[in-house]
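Some notes on the structure that comes next.
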Amino acid sequence: MRHKITYLLTITVLPAILIISSCKKETTAYDNPFFHIMIDNKAEVEVLANRKDTVDYKVYLSAQLQFEPIDVQYEVKIGDGLQDDRDFKLLTTGTSLNFPQGIFERPIRIAWKESVLDPTKDNTITIRLISNSKNFTMGLPGPDKLQKQLVITKK
């Protein structure tokens with residue numbers, strides 16, 4: 001019996017150890033800093049027409065600690081069915097966000113107002129990330145550049 005166990009260990013365990021120890025797979029650390037915008041990992045969200053509160057739509061920096069501030073340029077496109085000061089109030093002014101050292105998220109604030117919508121019109125607000133002062137990737141890394149923009153539909 002002891003001979004069978006030794007034989008079994010020799011033919012199964014020893015080759016596995018040799019195979020594992022002979023593999024020298026080199027890995028490189030993933031280091032592709034990027035900015036993205038999303039809500040609960042989604043790039044499209046809905047807001048009810050009767051909503052009456054303020055929401056922070058956050059732009060995130062995914063990178064190691066940066067020692068210099070970074071400016072991110074963005075644009076806000078408003079569909080023809082929505083109107084600033086009637087359906088919402090864009091509280092964040094300008095077209096850039098500054099990320100000081102150690103800050104990894106910055107908000108674009110929108111105060112929603114209760115309103116009646118025309119369902120035949122474009123009732124969306126699109127926040128699109130355009131560029132940044134460090135030339136980091138805009139949107140998730142990859143060919144699709146997911147989360148480079150956030151589309152908010154008021155329904």
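Within each chain, counting starts at residue 1; across the structure tokens, chains are named A, B, ... in the order shown, with ligands numbered 1 upward in that order.
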
When DSSP works through the backbone of this structure, what residues of stretch 50-109 of chain A end up as strand (DSSP E or B), shown as JSON, numbers by chain?
{"A": [54, 55, 56, 57, 58, 59, 60, 61, 62, 70, 71, 72, 73, 74, 75, 76, 77, 78, 84, 88, 89, 90, 96, 97, 98, 99, 105, 106, 107, 108, 109]}

Any chance you could list, as a PyMOL selection string, the residues in stretch 4-148 of chain A that come up helix (DSSP H, G or I) when DSSP is run on the backbone?
chain A and resi 4-22

Judged by only C-alpha atoms, the minimum distance to A:Leu48 among A:Leu82, A:Pro119, A:Lys155, A:Pro143 is found for A:Lys155

Output as CSV one row per residue of stretch 53-83 of chain A within 7 Å of stretch 126-135 of chain A: the closest atom pair and its distance in Å to one decimal place, counting only C-alpha atoms, sorted by chain and residue number ascending.
residue,atom,partner,partner_atom,distance
A:Ile70,CA,A:Ser133,CA,5.6
A:Asp71,CA,A:Ser133,CA,5.4
A:Val72,CA,A:Asn132,CA,4.2
A:Gln73,CA,A:Ser131,CA,5.2
A:Tyr74,CA,A:Leu129,CA,4.4
A:Glu75,CA,A:Arg128,CA,5.4
A:Val76,CA,A:Ile127,CA,4.6
A:Lys77,CA,A:Thr126,CA,5.1
A:Ile78,CA,A:Thr126,CA,6.5
